[in-house]
Amino acid sequence: MFVLVEMVDTVRIPPWQFERKLNDSIAEELNKKLANKVLGHKVLGNKVVYNVGLCICLFDITKLEDAYVFPGDGASHTKVHFRYVVFHPFLDEILIGKIKGCSPEGVHVSLGFFEDILIPPESLQQPAKFDDAEQVWVWEYETEEGAHDLYMDTGEEIRFRVVDESFVDTSPTGPSSAEVASTSEEPPKKEAPYTLVGSISEPGLGLLSWWTSS
């Protein structure tokens with residue numbers, strides 16, 4: 001679920017922080033810049049590594065290069081090599097979260113610190129149906145005595161497999177000519193920069209209560 005990613009960045013330390021330990025100031029600046037941010041790519045040396053993940057916190061600083069003060073700027077600039085804790089589950093990894101809600105698009109799951117997880121209808125235990133009145137998905141569990149409706153209620157713990165991921169560049173861009181011409185249309189839906197797609201179609205996956213109740 002969590003990985004250590006090697007990164008390199010140049011950190012600017014303003015003069016009023018010179019009385020502090022350099023490592024402490026650099027750690028604070030790196031966390032301000034990266035914590036809770038999704039990195040779609042990073043530059044490491046002459047290479048670009050794509051699909052990094054959600055940055056959590058600084059793990060350690062591995063190397064500090066010489067610091068420089070440039071003319072007209074009293075701050076120090078230091079090239080820093082460091083390792084960062086990143087949330088980036090591998091495909092087929094099993095995770096446990098809580099159901100945040102349901103919609104016709106599927107079951108929305110939260111891990112507490114990360115909420116952009118969707119289990120689409122085709123990846124639910126089958127046969128499944130969406131209850132419009134209750135706004136929940138239901139697994140129509142077949143037994144010898146007939147079908148039993150197992151509801152996927154909000155707040156229930158759910159075990160799922162990661163089957164896909166999506167990174168979207170959400171950097172701001174200028175309006176296109178088509179957008180300027182059609183100002184009466186609804187604003188475009190905001191996309192999440194990093195999304196996981198899950199599945200509970202296998203035995204043992206789904207609500208924990210399904211498999212632990214006697």
# chains A, B, ... in the order shown; residues from 1 in each chain; ligands from 1

$ select_by_dssp --residues "region 15-183 of chain A" --states "strand (DSSP E)" --output "number ranges by chain"
A: 38-44, 47-69, 76-87, 94-103, 106-110, 117-119, 128-131, 136-143, 146-151, 157-167

$ residues_around --residues "Leu39 (chain A)" --least-positions-apart "5" --cutoff "9 Å" --atoms "only C-alpha atoms" --output "list of chain:residue names"
A:Leu34, A:Tyr50, A:Asn51, A:Val52, A:Gly53, A:Leu54, A:Cys55, A:Phe167, A:Pro193, A:Tyr194

$ write_last_selection --atoms "all heavy atoms" --output "PDB file, in the first residue's frame"
ATOM      1  N   LEU A  34       4.809  18.837  -0.670  1.00  0.00           N
ATOM      2  CA  LEU A  34       4.405  17.542  -1.213  1.00  0.00           C
ATOM      3  C   LEU A  34       3.290  16.825  -0.464  1.00  0.00           C
ATOM      4  O   LEU A  34       2.530  16.076  -1.068  1.00  0.00           O
ATOM      5  CB  LEU A  34       5.632  16.615  -1.273  1.00  0.00           C
ATOM      6  CG  LEU A  34       6.763  17.033  -2.206  1.00  0.00           C
ATOM      7  CD1 LEU A  34       7.955  16.103  -2.034  1.00  0.00           C
ATOM      8  CD2 LEU A  34       6.295  17.034  -3.653  1.00  0.00           C
ATOM      9  N   TYR A  50       6.694   8.028 -14.138  1.00  0.00           N
ATOM     10  CA  TYR A  50       5.282   8.401 -14.137  1.00  0.00           C
ATOM     11  C   TYR A  50       4.489   7.634 -13.068  1.00  0.00           C
ATOM     12  O   TYR A  50       4.927   6.607 -12.571  1.00  0.00           O
ATOM     13  CB  TYR A  50       4.667   8.141 -15.519  1.00  0.00           C
ATOM     14  CG  TYR A  50       5.215   9.063 -16.589  1.00  0.00           C
ATOM     15  CD1 TYR A  50       6.292   8.676 -17.374  1.00  0.00           C
ATOM     16  CD2 TYR A  50       4.668  10.330 -16.788  1.00  0.00           C
ATOM     17  CE1 TYR A  50       6.813   9.512 -18.350  1.00  0.00           C
ATOM     18  CE2 TYR A  50       5.172  11.178 -17.763  1.00  0.00           C
ATOM     19  CZ  TYR A  50       6.246  10.773 -18.538  1.00  0.00           C
ATOM     20  OH  TYR A  50       6.763  11.618 -19.486  1.00  0.00           O
ATOM     21  N   ASN A  51       3.307   8.194 -12.734  1.00  0.00           N
ATOM     22  CA  ASN A  51       2.361   7.551 -11.820  1.00  0.00           C
ATOM     23  C   ASN A  51       2.991   7.245 -10.468  1.00  0.00           C
ATOM     24  O   ASN A  51       3.150   6.082 -10.076  1.00  0.00           O
ATOM     25  CB  ASN A  51       1.797   6.271 -12.454  1.00  0.00           C
ATOM     26  CG  ASN A  51       1.075   6.540 -13.754  1.00  0.00           C
ATOM     27  OD1 ASN A  51       0.755   7.687 -14.072  1.00  0.00           O
ATOM     28  ND2 ASN A  51       0.812   5.502 -14.510  1.00  0.00           N
ATOM     29  N   VAL A  52       3.343   8.311  -9.744  1.00  0.00           N
ATOM     30  CA  VAL A  52       4.008   8.163  -8.453  1.00  0.00           C
ATOM     31  C   VAL A  52       3.002   7.781  -7.369  1.00  0.00           C
ATOM     32  O   VAL A  52       3.171   6.778  -6.673  1.00  0.00           O
ATOM     33  CB  VAL A  52       4.756   9.458  -8.069  1.00  0.00           C
ATOM     34  CG1 VAL A  52       5.412   9.297  -6.708  1.00  0.00           C
ATOM     35  CG2 VAL A  52       5.802   9.790  -9.125  1.00  0.00           C
ATOM     36  N   GLY A  53       1.946   8.573  -7.176  1.00  0.00           N
ATOM     37  CA  GLY A  53       0.939   8.281  -6.164  1.00  0.00           C
ATOM     38  C   GLY A  53       0.660   9.471  -5.267  1.00  0.00           C
ATOM     39  O   GLY A  53       1.047  10.608  -5.558  1.00  0.00           O
ATOM     40  N   LEU A  54      -0.007   9.202  -4.140  1.00  0.00           N
ATOM     41  CA  LEU A  54      -0.362  10.239  -3.170  1.00  0.00           C
ATOM     42  C   LEU A  54       0.750  10.363  -2.130  1.00  0.00           C
ATOM     43  O   LEU A  54       1.036   9.411  -1.397  1.00  0.00           O
ATOM     44  CB  LEU A  54      -1.682   9.885  -2.481  1.00  0.00           C
ATOM     45  CG  LEU A  54      -2.118  10.806  -1.332  1.00  0.00           C
ATOM     46  CD1 LEU A  54      -2.449  12.203  -1.863  1.00  0.00           C
ATOM     47  CD2 LEU A  54      -3.302  10.215  -0.588  1.00  0.00           C
ATOM     48  N   CYS A  55       1.361  11.528  -2.054  1.00  0.00           N
ATOM     49  CA  CYS A  55       2.454  11.758  -1.111  1.00  0.00           C
ATOM     50  C   CYS A  55       1.905  11.882   0.312  1.00  0.00           C
ATOM     51  O   CYS A  55       0.940  12.601   0.552  1.00  0.00           O
ATOM     52  CB  CYS A  55       3.221  13.019  -1.480  1.00  0.00           C
ATOM     53  SG  CYS A  55       4.081  12.895  -3.063  1.00  0.00           S
ATOM     54  N   PHE A 167      -4.538   8.156 -13.353  1.00  0.00           N
ATOM     55  CA  PHE A 167      -3.920   9.436 -13.025  1.00  0.00           C
ATOM     56  C   PHE A 167      -4.388  10.457 -14.053  1.00  0.00           C
ATOM     57  O   PHE A 167      -4.330  10.215 -15.265  1.00  0.00           O
ATOM     58  CB  PHE A 167      -2.396   9.342 -13.056  1.00  0.00           C
ATOM     59  CG  PHE A 167      -1.798   8.620 -11.880  1.00  0.00           C
ATOM     60  CD1 PHE A 167      -1.677   7.243 -11.893  1.00  0.00           C
ATOM     61  CD2 PHE A 167      -1.355   9.314 -10.766  1.00  0.00           C
ATOM     62  CE1 PHE A 167      -1.118   6.568 -10.816  1.00  0.00           C
ATOM     63  CE2 PHE A 167      -0.803   8.650  -9.676  1.00  0.00           C
ATOM     64  CZ  PHE A 167      -0.687   7.269  -9.707  1.00  0.00           C
ATOM     65  N   PRO A 193      -7.371  13.645  -9.233  1.00  0.00           N
ATOM     66  CA  PRO A 193      -6.076  13.423  -9.884  1.00  0.00           C
ATOM     67  C   PRO A 193      -5.622  11.967  -9.838  1.00  0.00           C
ATOM     68  O   PRO A 193      -4.845  11.533 -10.682  1.00  0.00           O
ATOM     69  CB  PRO A 193      -5.129  14.322  -9.087  1.00  0.00           C
ATOM     70  CG  PRO A 193      -5.792  14.523  -7.766  1.00  0.00           C
ATOM     71  CD  PRO A 193      -7.260  14.500  -8.045  1.00  0.00           C
ATOM     72  N   TYR A 194      -6.110  11.215  -8.849  1.00  0.00           N
ATOM     73  CA  TYR A 194      -5.692   9.815  -8.699  1.00  0.00           C
ATOM     74  C   TYR A 194      -6.889   9.004  -8.237  1.00  0.00           C
ATOM     75  O   TYR A 194      -7.508   9.326  -7.222  1.00  0.00           O
ATOM     76  CB  TYR A 194      -4.545   9.738  -7.690  1.00  0.00           C
ATOM     77  CG  TYR A 194      -4.030   8.349  -7.371  1.00  0.00           C
ATOM     78  CD1 TYR A 194      -3.917   7.373  -8.350  1.00  0.00           C
ATOM     79  CD2 TYR A 194      -3.629   8.023  -6.081  1.00  0.00           C
ATOM     80  CE1 TYR A 194      -3.428   6.116  -8.059  1.00  0.00           C
ATOM     81  CE2 TYR A 194      -3.125   6.760  -5.774  1.00  0.00           C
ATOM     82  CZ  TYR A 194      -3.028   5.813  -6.767  1.00  0.00           C
ATOM     83  OH  TYR A 194      -2.543   4.566  -6.474  1.00  0.00           O
TER      84      TYR A 194
END

$ residues_around --residues "Phe160 (chain A)" --least-positions-apart "5" --cutoff "6 Å" --atoms "only C-alpha atoms" --output "ChimeraX atom specification"
/A:94-95,198-200,205

$ atom_distance --atom1 "CA of Leu196 (chain A)" --atom2 "CA of Glu156 (chain A)"
18.7 Å

$ residues_around --residues "Gly112 (chain A)" --least-positions-apart "4" --cutoff "10 Å" --atoms "only C-alpha atoms" --output "PyMOL selection string"
chain A and resi 97-98+100

$ write_last_selection --atoms "all heavy atoms" --output "PDB file, in the first residue's frame"
ATOM      1  N   GLY A  97     -11.450  -1.035   3.409  1.00  0.00           N
ATOM      2  CA  GLY A  97     -11.905   0.330   3.626  1.00  0.00           C
ATOM      3  C   GLY A  97     -13.330   0.334   4.152  1.00  0.00           C
ATOM      4  O   GLY A  97     -13.835  -0.686   4.625  1.00  0.00           O
ATOM      5  N   LYS A  98     -13.958   1.496   4.082  1.00  0.00           N
ATOM      6  CA  LYS A  98     -15.359   1.634   4.489  1.00  0.00           C
ATOM      7  C   LYS A  98     -16.166   2.216   3.334  1.00  0.00           C
ATOM      8  O   LYS A  98     -15.668   3.065   2.585  1.00  0.00           O
ATOM      9  CB  LYS A  98     -15.481   2.536   5.722  1.00  0.00           C
ATOM     10  CG  LYS A  98     -14.992   1.886   7.009  1.00  0.00           C
ATOM     11  CD  LYS A  98     -15.304   2.750   8.217  1.00  0.00           C
ATOM     12  CE  LYS A  98     -14.886   2.056   9.507  1.00  0.00           C
ATOM     13  NZ  LYS A  98     -15.226   2.867  10.710  1.00  0.00           N
ATOM     14  N   LYS A 100     -18.295   4.602   1.541  1.00  0.00           N
ATOM     15  CA  LYS A 100     -18.607   6.032   1.692  1.00  0.00           C
ATOM     16  C   LYS A 100     -20.001   6.346   1.178  1.00  0.00           C
ATOM     17  O   LYS A 100     -20.656   7.290   1.641  1.00  0.00           O
ATOM     18  CB  LYS A 100     -17.560   6.861   0.945  1.00  0.00           C
ATOM     19  CG  LYS A 100     -17.687   8.358   1.129  1.00  0.00           C
ATOM     20  CD  LYS A 100     -16.558   9.100   0.434  1.00  0.00           C
ATOM     21  CE  LYS A 100     -16.627   8.959  -1.062  1.00  0.00           C
ATOM     22  NZ  LYS A 100     -15.669   9.846  -1.769  1.00  0.00           N
TER      23      LYS A 100
END

$ closest_residue --among "A:Pro104, A:Gly146, A:Gly155, A:Gly206" --to "Asp131 (chain A)" --atoms "only C-alpha atoms"
A:Pro104

$ closest_residue --among "A:Phe59, A:Phe82, A:Tyr141, A:Phe114" --to "Ile96 (chain A)" --atoms "only C-alpha atoms"
A:Phe114

$ residues_around --residues "Gly204 (chain A)" --least-positions-apart "5" --cutoff "10 Å" --atoms "only C-alpha atoms" --output "count of residues only"
5

$ residues_around --residues "Glu142 (chain A)" --least-positions-apart "5" --cutoff "12 Å" --atoms "only C-alpha atoms" --output "PyMOL selection string"
chain A and resi 125-128+147-150

$ select_by_dssp --residues "region 11-198 of chain A" --states "alpha helix (DSSP H)" --output "number ranges by chain"
A: 22-34, 177-181

$ residues_around --residues "Glu105 (chain A)" --least-positions-apart "4" --cutoff "9 Å" --atoms "only C-alpha atoms" --output "compact mmCIF listing (two decimals) with N, CA, C and O atoms, in the first residue's frame"
# COMPACT_ATOMS: atom_id res chain seq x y z
N LEU A 118 -13.54 3.51 -6.46
CA LEU A 118 -14.84 3.11 -7.00
C LEU A 118 -14.83 1.63 -7.34
O LEU A 118 -13.89 1.13 -7.97
N ILE A 119 -15.87 0.92 -6.90
CA ILE A 119 -16.10 -0.46 -7.32
C ILE A 119 -17.28 -0.42 -8.28
O ILE A 119 -18.42 -0.21 -7.86
N PRO A 120 -17.05 -0.58 -9.59
CA PRO A 120 -18.14 -0.47 -10.56
C PRO A 120 -19.10 -1.65 -10.48
O PRO A 120 -18.77 -2.71 -9.91
N PRO A 121 -20.31 -1.51 -11.02
CA PRO A 121 -21.34 -2.56 -10.91
C PRO A 121 -20.87 -3.93 -11.40
O PRO A 121 -21.20 -4.95 -10.79

$ atom_distance --atom1 "CA of Thr78 (chain A)" --atom2 "CA of Val11 (chain A)"
5.3 Å

$ closest_residue --among "A:Thr170, A:Ile56, A:Ser76, A:Glu65" --to "Trp16 (chain A)" --atoms "only C-alpha atoms"
A:Ser76

$ closest_residue --among "A:Ala27, A:Lys190, A:Thr143, A:Ala75" --to "Arg12 (chain A)" --atoms "only C-alpha atoms"
A:Ala75

$ atom_distance --atom1 "CA of Ile13 (chain A)" --atom2 "CA of Gly74 (chain A)"
9.1 Å

$ decode --residues "region 136-148 of chain A" --atoms "N, CA and C atoms" --output "short mmCIF file (atom, residue, chain, number, x, y, z; two decimals), in the first residue's frame"
data_model
loop_
_atom_site.label_atom_id
_atom_site.label_comp_id
_atom_site.auth_asym_id
_atom_site.auth_seq_id
_atom_site.Cartn_x
_atom_site.Cartn_y
_atom_site.Cartn_z
N VAL A 136 -28.58 2.13 -2.29
CA VAL A 136 -27.51 1.19 -1.95
C VAL A 136 -27.49 0.08 -2.99
N TRP A 137 -26.32 -0.57 -3.12
CA TRP A 137 -26.24 -1.77 -3.94
C TRP A 137 -26.56 -2.97 -3.08
N VAL A 138 -27.17 -3.98 -3.71
CA VAL A 138 -27.62 -5.17 -3.01
C VAL A 138 -27.10 -6.40 -3.74
N TRP A 139 -26.49 -7.30 -2.97
CA TRP A 139 -26.09 -8.59 -3.52
C TRP A 139 -27.24 -9.57 -3.28
N GLU A 140 -27.80 -10.11 -4.35
CA GLU A 140 -28.89 -11.08 -4.24
C GLU A 140 -28.29 -12.47 -4.06
N TYR A 141 -27.99 -12.79 -2.82
CA TYR A 141 -27.27 -14.02 -2.49
C TYR A 141 -28.21 -15.23 -2.58
N GLU A 142 -27.82 -16.17 -3.43
CA GLU A 142 -28.65 -17.35 -3.67
C GLU A 142 -28.33 -18.45 -2.67
N THR A 143 -29.36 -19.00 -2.04
CA THR A 143 -29.22 -20.15 -1.16
C THR A 143 -30.27 -21.19 -1.56
N GLU A 144 -30.23 -22.34 -0.88
CA GLU A 144 -31.20 -23.38 -1.16
C GLU A 144 -32.62 -22.93 -0.80
N GLU A 145 -32.70 -21.98 0.12
CA GLU A 145 -34.00 -21.49 0.56
C GLU A 145 -34.49 -20.29 -0.26
N GLY A 146 -33.68 -19.90 -1.25
CA GLY A 146 -34.04 -18.75 -2.07
C GLY A 146 -33.01 -17.65 -1.96
N ALA A 147 -33.31 -16.52 -2.58
CA ALA A 147 -32.38 -15.38 -2.60
C ALA A 147 -32.53 -14.54 -1.34
N HIS A 148 -31.39 -14.07 -0.83
CA HIS A 148 -31.37 -13.16 0.32
C HIS A 148 -30.69 -11.86 -0.12
#
